Amino acid sequence: MQDIRWNAFWVGLTLTITCLITWASTSATIALMIFAAGVVIYLFSHLYWLHRLNLWLQKPALNHMPNGAGIWEDVFASLYQEHRRHSRNQTQLSTALGRFRHAASALPDGVVVLNAENEIEWCNPPAETKLGLDLKKDQDQPITYLVRHGNFVSYVQEEDYSEPIKLKSWRNAEITLEIQLIPFGTKQKLLICRDVTQLEKIDAMRRDFIANVSHELRTPLTVVGGFVETLLDMDGAIPDSTRGYFNMMQDQTNRMRRLIEDLLTLSHIESNVQPPEDTEIQMSALLNMLLNDANALSQGKHQITVDADSNLDLIGALEELQSALGNLVSNAIRYTPQGKIQISWKVRDDHAIFSVKDDGIGIEQQHIDRLTERFYRVDRGRSRETGGTGLGLSIVKHILTRHQARLEITSELGKGSTFSVVFPKARILQKQVVLF
Ligand code: ADP
């Protein structure tokens, strides 16, 4: 800027001095004519270079940049430097992008880049094969228009991407796909899709094995349990000195029976890839049933209350949900020697919340994240004493996952715990209130 000002100053000064000298030596008219001619030439030279700049800007290529003259030489030199830096950055960026795409294309997993509107920006060849996409045709199309699997669409819309989802491929029913969305940048998402058919097969073998063993054990156990019970009931069949051992045998067979039942339930739920049989569940009836069961289990040791939104019902599989919610209530009673149990059923931020609050023994923070693992118990002795198997919360977690719901646990040692089930909006049924 300073150069431009100096240039204009020197041109103006030279012209003025020349005109003054001409005025002094010849006449004012000639001096004025020289001044006017100088100004016009000066202006025309600027207009010429502006025109060249304008031409270049229409097709800005480095090798066609004009050299300029005078002040325009500096202007074009700066422009050249800037343009070179910009093209170098652009080359680096496109090389990096090319390298990323190359690497992502070599991945065995499908990768799809989605924008904030869930439209496809880019995908690699494995994603095309696994999800049946065609980048050339499907770019900028919403992914939910192209992958129309119900569970996938609700996964994308729910916006809870903490866990991946598993789907049977709609192109080949033999194939199981695991899909996870990972948010990045400004509301963009990376969709990772992998073929987990082999892993699923191994998992299915493990589940079948557990189910078969449990099933095989069921019959001999029923027989042994039955005989022990019969002997205990028969007058004089067992001498008093050994009756205690028989009672212990009965307790242990009962425990094993509960364990086997829970193992069978768990493997049945785990292996069931079909979505739950959705029905409209009358929550008032279900809550009533839970309250009756709770009172029977409590045997008067607890004050159990229910606080429910009577216009709020649920869509899901009744039997499964009854078992999951019932498990939370029975845990509250089993881990609360005496006290209050509050059951509540409400709407919170577009979600329906079923919660059970107790003022029982509570749980230390370090255990909370692991409670839904199979056989994870904070205190084995206590769990056993109260008839626990250590499988209850894993069954609950599986049932809730099948219903796209999640379990939230808050607890304080010695003060009590709250177990809340958060159901998604799609599973809520709000009854219409008729006003007369
Ligand atoms: P269990 O059959 O042992 O009760 P669960 O899977 O139902 O197995 O629960 C796992 C563990 O979580 C329990 O052993 C217990 O330590 C803890 N737990 C569950 N519910 C409660 C509760 N309401 N209060 C305190 N601890 C609990």
# chains A, B, ... in the order shown; residues from 1 in each chain; ligands from 1
call {"tool": "residues_near_ligand", "arguments": {"ligand": "ligand 1", "cutoff": "8 Å", "atoms": "only C-alpha atoms and all ligand atoms", "output": "PyMOL selection string"}}
result
chain A and resi 327-329+331-336+357-358+360-363+368+371-380+382-384+386-395+411+416-419
call {"tool": "select_by_dssp", "arguments": {"residues": "range 253-421 of chain A", "states": "strand (DSSP E or B)", "output": "VMD selection string"}}
result
chain A and resid 279 to 281 302 to 308 312 to 316 339 to 348 351 to 358 406 to 412 416 to 421
call {"tool": "write_last_selection", "arguments": {"atoms": "C-alpha atoms", "output": "PDB file, in the first residue's frame"}}
result
ATOM      1  CA  THR A 279     -48.047 -55.284  21.615  1.00  0.00           C
ATOM      2  CA  GLU A 280     -49.730 -52.381  23.368  1.00  0.00           C
ATOM      3  CA  ILE A 281     -48.930 -52.924  27.026  1.00  0.00           C
ATOM      4  CA  HIS A 302     -41.133 -52.836  53.012  1.00  0.00           C
ATOM      5  CA  GLN A 303     -43.416 -49.904  52.201  1.00  0.00           C
ATOM      6  CA  ILE A 304     -43.869 -50.223  48.489  1.00  0.00           C
ATOM      7  CA  THR A 305     -45.412 -47.312  46.553  1.00  0.00           C
ATOM      8  CA  VAL A 306     -46.222 -46.784  42.883  1.00  0.00           C
ATOM      9  CA  ASP A 307     -46.316 -43.329  41.289  1.00  0.00           C
ATOM     10  CA  ALA A 308     -47.447 -43.648  37.677  1.00  0.00           C
ATOM     11  CA  LEU A 312     -48.752 -43.505  29.606  1.00  0.00           C
ATOM     12  CA  ASP A 313     -48.579 -46.956  27.996  1.00  0.00           C
ATOM     13  CA  LEU A 314     -45.835 -48.844  26.247  1.00  0.00           C
ATOM     14  CA  ILE A 315     -45.225 -50.813  23.047  1.00  0.00           C
ATOM     15  CA  GLY A 316     -43.190 -53.988  23.484  1.00  0.00           C
ATOM     16  CA  GLY A 339     -37.454 -49.713  54.130  1.00  0.00           C
ATOM     17  CA  LYS A 340     -39.098 -47.934  51.267  1.00  0.00           C
ATOM     18  CA  ILE A 341     -39.332 -49.041  47.651  1.00  0.00           C
ATOM     19  CA  GLN A 342     -40.651 -46.422  45.211  1.00  0.00           C
ATOM     20  CA  ILE A 343     -41.718 -47.536  41.749  1.00  0.00           C
ATOM     21  CA  SER A 344     -42.375 -44.780  39.219  1.00  0.00           C
ATOM     22  CA  TRP A 345     -43.524 -44.572  35.588  1.00  0.00           C
ATOM     23  CA  LYS A 346     -43.224 -41.134  33.979  1.00  0.00           C
ATOM     24  CA  VAL A 347     -42.271 -39.177  30.864  1.00  0.00           C
ATOM     25  CA  ARG A 348     -38.975 -37.286  30.928  1.00  0.00           C
ATOM     26  CA  HIS A 351     -38.570 -40.656  26.925  1.00  0.00           C
ATOM     27  CA  ALA A 352     -40.641 -42.930  29.165  1.00  0.00           C
ATOM     28  CA  ILE A 353     -38.868 -43.796  32.410  1.00  0.00           C
ATOM     29  CA  PHE A 354     -39.607 -46.783  34.627  1.00  0.00           C
ATOM     30  CA  SER A 355     -37.634 -46.509  37.842  1.00  0.00           C
ATOM     31  CA  VAL A 356     -37.266 -48.402  41.085  1.00  0.00           C
ATOM     32  CA  LYS A 357     -35.759 -46.527  44.024  1.00  0.00           C
ATOM     33  CA  ASP A 358     -34.789 -48.272  47.225  1.00  0.00           C
ATOM     34  CA  ARG A 406     -31.227 -48.531  28.297  1.00  0.00           C
ATOM     35  CA  LEU A 407     -30.605 -49.068  31.994  1.00  0.00           C
ATOM     36  CA  GLU A 408     -29.371 -46.193  34.175  1.00  0.00           C
ATOM     37  CA  ILE A 409     -28.084 -46.985  37.660  1.00  0.00           C
ATOM     38  CA  THR A 410     -27.356 -44.486  40.419  1.00  0.00           C
ATOM     39  CA  SER A 411     -26.405 -45.687  43.862  1.00  0.00           C
ATOM     40  CA  GLU A 412     -24.693 -44.751  47.079  1.00  0.00           C
ATOM     41  CA  GLY A 416     -29.798 -47.010  48.412  1.00  0.00           C
ATOM     42  CA  SER A 417     -30.034 -47.334  44.656  1.00  0.00           C
ATOM     43  CA  THR A 418     -32.195 -46.228  41.742  1.00  0.00           C
ATOM     44  CA  PHE A 419     -32.482 -48.445  38.670  1.00  0.00           C
ATOM     45  CA  SER A 420     -34.141 -46.610  35.765  1.00  0.00           C
ATOM     46  CA  VAL A 421     -35.172 -47.976  32.402  1.00  0.00           C
TER      47      VAL A 421
END
call {"tool": "residues_around", "arguments": {"residues": "range 18-23 of chain A", "least_positions_apart": "4", "cutoff": "9 Å", "atoms": "only C-alpha atoms", "output": "PyMOL selection string"}}
result
chain A and resi 13-14+27-35
call {"tool": "write_last_selection", "arguments": {"atoms": "N, CA, C and O atoms", "output": "CSV table (one decimal), in the first residue's frame"}}
result
chain,number,residue,atom,x,y,z
A,13,LEU,N,4.8,14.2,-8.6
A,13,LEU,CA,5.8,15.2,-8.4
A,13,LEU,C,6.6,15.5,-9.8
A,13,LEU,O,6.8,16.7,-10.1
A,14,THR,N,6.9,14.4,-10.4
A,14,THR,CA,7.7,14.5,-11.7
A,14,THR,C,6.9,15.3,-12.7
A,14,THR,O,7.4,16.3,-13.4
A,27,SER,N,5.0,28.4,-22.3
A,27,SER,CA,3.7,29.1,-21.9
A,27,SER,C,2.9,28.2,-21.0
A,27,SER,O,3.1,26.9,-21.0
A,28,ALA,N,1.9,28.8,-20.4
A,28,ALA,CA,1.0,28.0,-19.5
A,28,ALA,C,0.2,27.0,-20.2
A,28,ALA,O,-0.1,25.9,-19.7
A,29,THR,N,-0.2,27.3,-21.5
A,29,THR,CA,-1.1,26.4,-22.2
A,29,THR,C,-0.4,25.1,-22.5
A,29,THR,O,-0.9,24.0,-22.3
A,30,ILE,N,0.9,25.2,-22.9
A,30,ILE,CA,1.7,24.0,-23.3
A,30,ILE,C,1.9,23.2,-22.0
A,30,ILE,O,1.7,22.0,-22.0
A,31,ALA,N,2.2,23.9,-20.9
A,31,ALA,CA,2.4,23.2,-19.6
A,31,ALA,C,1.1,22.5,-19.2
A,31,ALA,O,1.2,21.3,-18.7
A,32,LEU,N,0.0,23.1,-19.4
A,32,LEU,CA,-1.3,22.5,-19.0
A,32,LEU,C,-1.6,21.2,-19.9
A,32,LEU,O,-2.1,20.2,-19.4
A,33,MET,N,-1.2,21.4,-21.2
A,33,MET,CA,-1.5,20.2,-22.1
A,33,MET,C,-0.6,19.1,-21.7
A,33,MET,O,-1.0,17.9,-21.7
A,34,ILE,N,0.7,19.4,-21.4
A,34,ILE,CA,1.6,18.3,-20.9
A,34,ILE,C,1.0,17.6,-19.7
A,34,ILE,O,1.0,16.4,-19.6
A,35,PHE,N,0.5,18.4,-18.7
A,35,PHE,CA,0.0,17.9,-17.5
A,35,PHE,C,-1.2,16.9,-17.8
A,35,PHE,O,-1.3,15.8,-17.3
call {"tool": "select_by_dssp", "arguments": {"residues": "range 142-299 of chain A", "states": "alpha helix (DSSP H)", "output": "PyMOL selection string"}}
result
chain A and resi 143-146+150-158+197-233+240-271+283-298
call {"tool": "residues_around", "arguments": {"residues": "range 220-226 of chain A", "least_positions_apart": "5", "cutoff": "10 Å", "atoms": "only C-alpha atoms", "output": "PyMOL selection string"}}
result
chain A and resi 215+231-232+249-254+256-257+260
call {"tool": "write_last_selection", "arguments": {"atoms": "all heavy atoms", "output": "short mmCIF file (atom, residue, chain, number, x, y, z; two decimals), in the first residue's frame"}}
result
data_model
loop_
_atom_site.label_atom_id
_atom_site.label_comp_id
_atom_site.auth_asym_id
_atom_site.auth_seq_id
_atom_site.Cartn_x
_atom_site.Cartn_y
_atom_site.Cartn_z
N HIS A 215 -30.27 -77.63 29.41
CA HIS A 215 -31.44 -78.46 29.15
C HIS A 215 -31.23 -79.89 29.64
O HIS A 215 -32.11 -80.49 30.25
CB HIS A 215 -31.70 -78.46 27.64
CG HIS A 215 -33.11 -78.72 27.32
ND1 HIS A 215 -34.09 -77.76 27.49
CD2 HIS A 215 -33.72 -79.83 26.88
CE1 HIS A 215 -35.24 -78.29 27.16
NE2 HIS A 215 -35.05 -79.54 26.80
N LEU A 231 -38.82 -87.42 50.09
CA LEU A 231 -38.26 -87.97 51.32
C LEU A 231 -38.51 -87.05 52.51
O LEU A 231 -38.84 -87.49 53.61
CB LEU A 231 -36.76 -88.21 51.15
CG LEU A 231 -36.37 -89.43 50.31
CD1 LEU A 231 -34.88 -89.46 50.05
CD2 LEU A 231 -36.77 -90.73 51.04
N LEU A 232 -38.35 -85.75 52.25
CA LEU A 232 -38.57 -84.78 53.35
C LEU A 232 -40.03 -84.79 53.82
O LEU A 232 -40.32 -84.58 55.00
CB LEU A 232 -38.18 -83.37 52.89
CG LEU A 232 -36.69 -83.01 52.98
CD1 LEU A 232 -36.41 -81.71 52.28
CD2 LEU A 232 -36.23 -82.92 54.44
N MET A 249 -29.67 -80.15 50.85
CA MET A 249 -29.76 -80.69 49.49
C MET A 249 -30.91 -80.04 48.73
O MET A 249 -30.80 -79.68 47.55
CB MET A 249 -29.97 -82.22 49.52
CG MET A 249 -28.66 -82.99 49.67
SD MET A 249 -28.95 -84.64 50.21
CE MET A 249 -29.60 -85.40 48.76
N GLN A 250 -32.03 -79.87 49.43
CA GLN A 250 -33.19 -79.24 48.78
C GLN A 250 -32.88 -77.78 48.38
O GLN A 250 -33.17 -77.36 47.25
CB GLN A 250 -34.40 -79.28 49.70
CG GLN A 250 -35.67 -78.94 48.95
CD GLN A 250 -36.89 -78.94 49.83
OE1 GLN A 250 -36.82 -78.57 51.00
NE2 GLN A 250 -38.00 -79.35 49.28
N ASP A 251 -32.23 -77.05 49.31
CA ASP A 251 -31.88 -75.65 48.99
C ASP A 251 -30.97 -75.59 47.76
O ASP A 251 -31.16 -74.76 46.86
CB ASP A 251 -31.14 -75.00 50.17
CG ASP A 251 -32.09 -74.67 51.30
OD1 ASP A 251 -33.32 -74.74 51.07
OD2 ASP A 251 -31.60 -74.37 52.41
N GLN A 252 -29.96 -76.48 47.75
CA GLN A 252 -28.99 -76.43 46.65
C GLN A 252 -29.62 -76.85 45.32
O GLN A 252 -29.31 -76.26 44.28
CB GLN A 252 -27.77 -77.32 46.96
CG GLN A 252 -26.92 -76.80 48.12
CD GLN A 252 -26.44 -75.37 47.91
OE1 GLN A 252 -26.07 -74.97 46.82
NE2 GLN A 252 -26.47 -74.57 48.97
N THR A 253 -30.51 -77.86 45.37
CA THR A 253 -31.15 -78.26 44.09
C THR A 253 -32.05 -77.12 43.60
O THR A 253 -32.11 -76.84 42.40
CB THR A 253 -31.97 -79.56 44.21
OG1 THR A 253 -32.70 -79.53 45.40
CG2 THR A 253 -31.12 -80.80 44.13
N ASN A 254 -32.72 -76.45 44.53
CA ASN A 254 -33.55 -75.30 44.12
C ASN A 254 -32.69 -74.22 43.49
O ASN A 254 -33.06 -73.61 42.50
CB ASN A 254 -34.30 -74.71 45.31
CG ASN A 254 -35.49 -75.58 45.67
OD1 ASN A 254 -35.94 -76.38 44.85
ND2 ASN A 254 -35.98 -75.46 46.90
N MET A 256 -29.79 -74.58 41.98
CA MET A 256 -29.35 -75.02 40.65
C MET A 256 -30.48 -74.91 39.65
O MET A 256 -30.26 -74.56 38.49
CB MET A 256 -28.84 -76.47 40.70
CG MET A 256 -27.39 -76.53 41.13
SD MET A 256 -26.86 -78.19 41.38
CE MET A 256 -26.52 -78.72 39.73
N ARG A 257 -31.68 -75.21 40.09
CA ARG A 257 -32.83 -75.12 39.18
C ARG A 257 -33.02 -73.66 38.70
O ARG A 257 -33.22 -73.40 37.53
CB ARG A 257 -34.09 -75.62 39.89
CG ARG A 257 -34.97 -76.42 38.95
CD ARG A 257 -36.21 -76.89 39.61
NE ARG A 257 -35.94 -77.99 40.54
CZ ARG A 257 -36.77 -78.36 41.51
NH1 ARG A 257 -37.89 -77.70 41.71
NH2 ARG A 257 -36.49 -79.36 42.30
N ILE A 260 -30.31 -72.79 36.23
CA ILE A 260 -30.56 -73.38 34.90
C ILE A 260 -31.68 -72.64 34.18
O ILE A 260 -31.58 -72.34 32.99
CB ILE A 260 -30.87 -74.89 35.06
CG1 ILE A 260 -29.53 -75.60 35.29
CG2 ILE A 260 -31.58 -75.47 33.85
CD1 ILE A 260 -29.65 -77.01 35.71
#
call {"tool": "residues_around", "arguments": {"residues": "Glu163 in chain A", "least_positions_apart": "5", "cutoff": "10 Å", "atoms": "only C-alpha atoms", "output": "NGL selection string"}}
result
:A and (155 or 179-182 or 401)
call {"tool": "closest_atom_pairs", "arguments": {"of": "range 252-307 of chain A", "to": "range 192-201 of chain A", "cutoff": "12 Å", "atoms": "only C-alpha atoms", "output": "tab-separated table"}}
result
residue	atom	partner	partner_atom	distance
A:Glu270	CA	A:Glu200	CA	11.0
A:Ser271	CA	A:Glu200	CA	9.7
A:Val273	CA	A:Glu200	CA	10.9
call {"tool": "write_last_selection", "arguments": {"atoms": "all heavy atoms", "output": "PDB file, in the first residue's frame"}}
result
ATOM      1  N   GLU A 270     -30.677 -64.197  23.993  1.00  0.00           N
ATOM      2  CA  GLU A 270     -29.478 -63.850  23.214  1.00  0.00           C
ATOM      3  C   GLU A 270     -29.560 -64.376  21.789  1.00  0.00           C
ATOM      4  O   GLU A 270     -29.100 -63.734  20.855  1.00  0.00           O
ATOM      5  CB  GLU A 270     -28.248 -64.456  23.881  1.00  0.00           C
ATOM      6  CG  GLU A 270     -27.669 -63.592  24.963  1.00  0.00           C
ATOM      7  CD  GLU A 270     -26.358 -64.171  25.461  1.00  0.00           C
ATOM      8  OE1 GLU A 270     -26.186 -65.402  25.428  1.00  0.00           O
ATOM      9  OE2 GLU A 270     -25.524 -63.383  25.891  1.00  0.00           O
ATOM     10  N   SER A 271     -30.112 -65.593  21.646  1.00  0.00           N
ATOM     11  CA  SER A 271     -30.105 -66.180  20.303  1.00  0.00           C
ATOM     12  C   SER A 271     -31.290 -65.711  19.467  1.00  0.00           C
ATOM     13  O   SER A 271     -31.363 -65.991  18.280  1.00  0.00           O
ATOM     14  CB  SER A 271     -30.103 -67.709  20.393  1.00  0.00           C
ATOM     15  OG  SER A 271     -31.203 -68.119  21.166  1.00  0.00           O
ATOM     16  N   VAL A 273     -32.832 -63.417  17.255  1.00  0.00           N
ATOM     17  CA  VAL A 273     -32.498 -62.229  16.452  1.00  0.00           C
ATOM     18  C   VAL A 273     -33.743 -61.499  15.954  1.00  0.00           C
ATOM     19  O   VAL A 273     -33.668 -60.382  15.470  1.00  0.00           O
ATOM     20  CB  VAL A 273     -31.593 -62.578  15.242  1.00  0.00           C
ATOM     21  CG1 VAL A 273     -30.179 -62.822  15.661  1.00  0.00           C
ATOM     22  CG2 VAL A 273     -32.167 -63.718  14.437  1.00  0.00           C
TER      23      VAL A 273
END
call {"tool": "closest_residue", "arguments": {"among": "A:Gly68, A:Gly185, A:Pro142, A:Pro337", "to": "Glu121 in chain A", "atoms": "only C-alpha atoms"}}
result
A:Pro142
call {"tool": "residues_around", "arguments": {"residues": "Gly132 in chain A", "least_positions_apart": "3", "cutoff": "9 Å", "atoms": "only C-alpha atoms", "output": "JSON, numbers by chain"}}
result
{"A": [127, 128, 129, 146, 147, 171]}
call {"tool": "atom_distance", "arguments": {"atom1": "CA of Phe246 in chain A", "atom2": "CA of Val228 in chain A"}}
result
6.7 Å
call {"tool": "closest_residue", "arguments": {"among": "A:Ser310, A:Asn272, A:Gln366, A:Gln90", "to": "Leu286 in chain A", "atoms": "only C-alpha atoms"}}
result
A:Ser310
call {"tool": "closest_residue", "arguments": {"among": "A:His64, A:Lys431, A:Arg88, A:Lys425", "to": "Asn311 in chain A", "atoms": "only C-alpha atoms"}}
result
A:Lys431
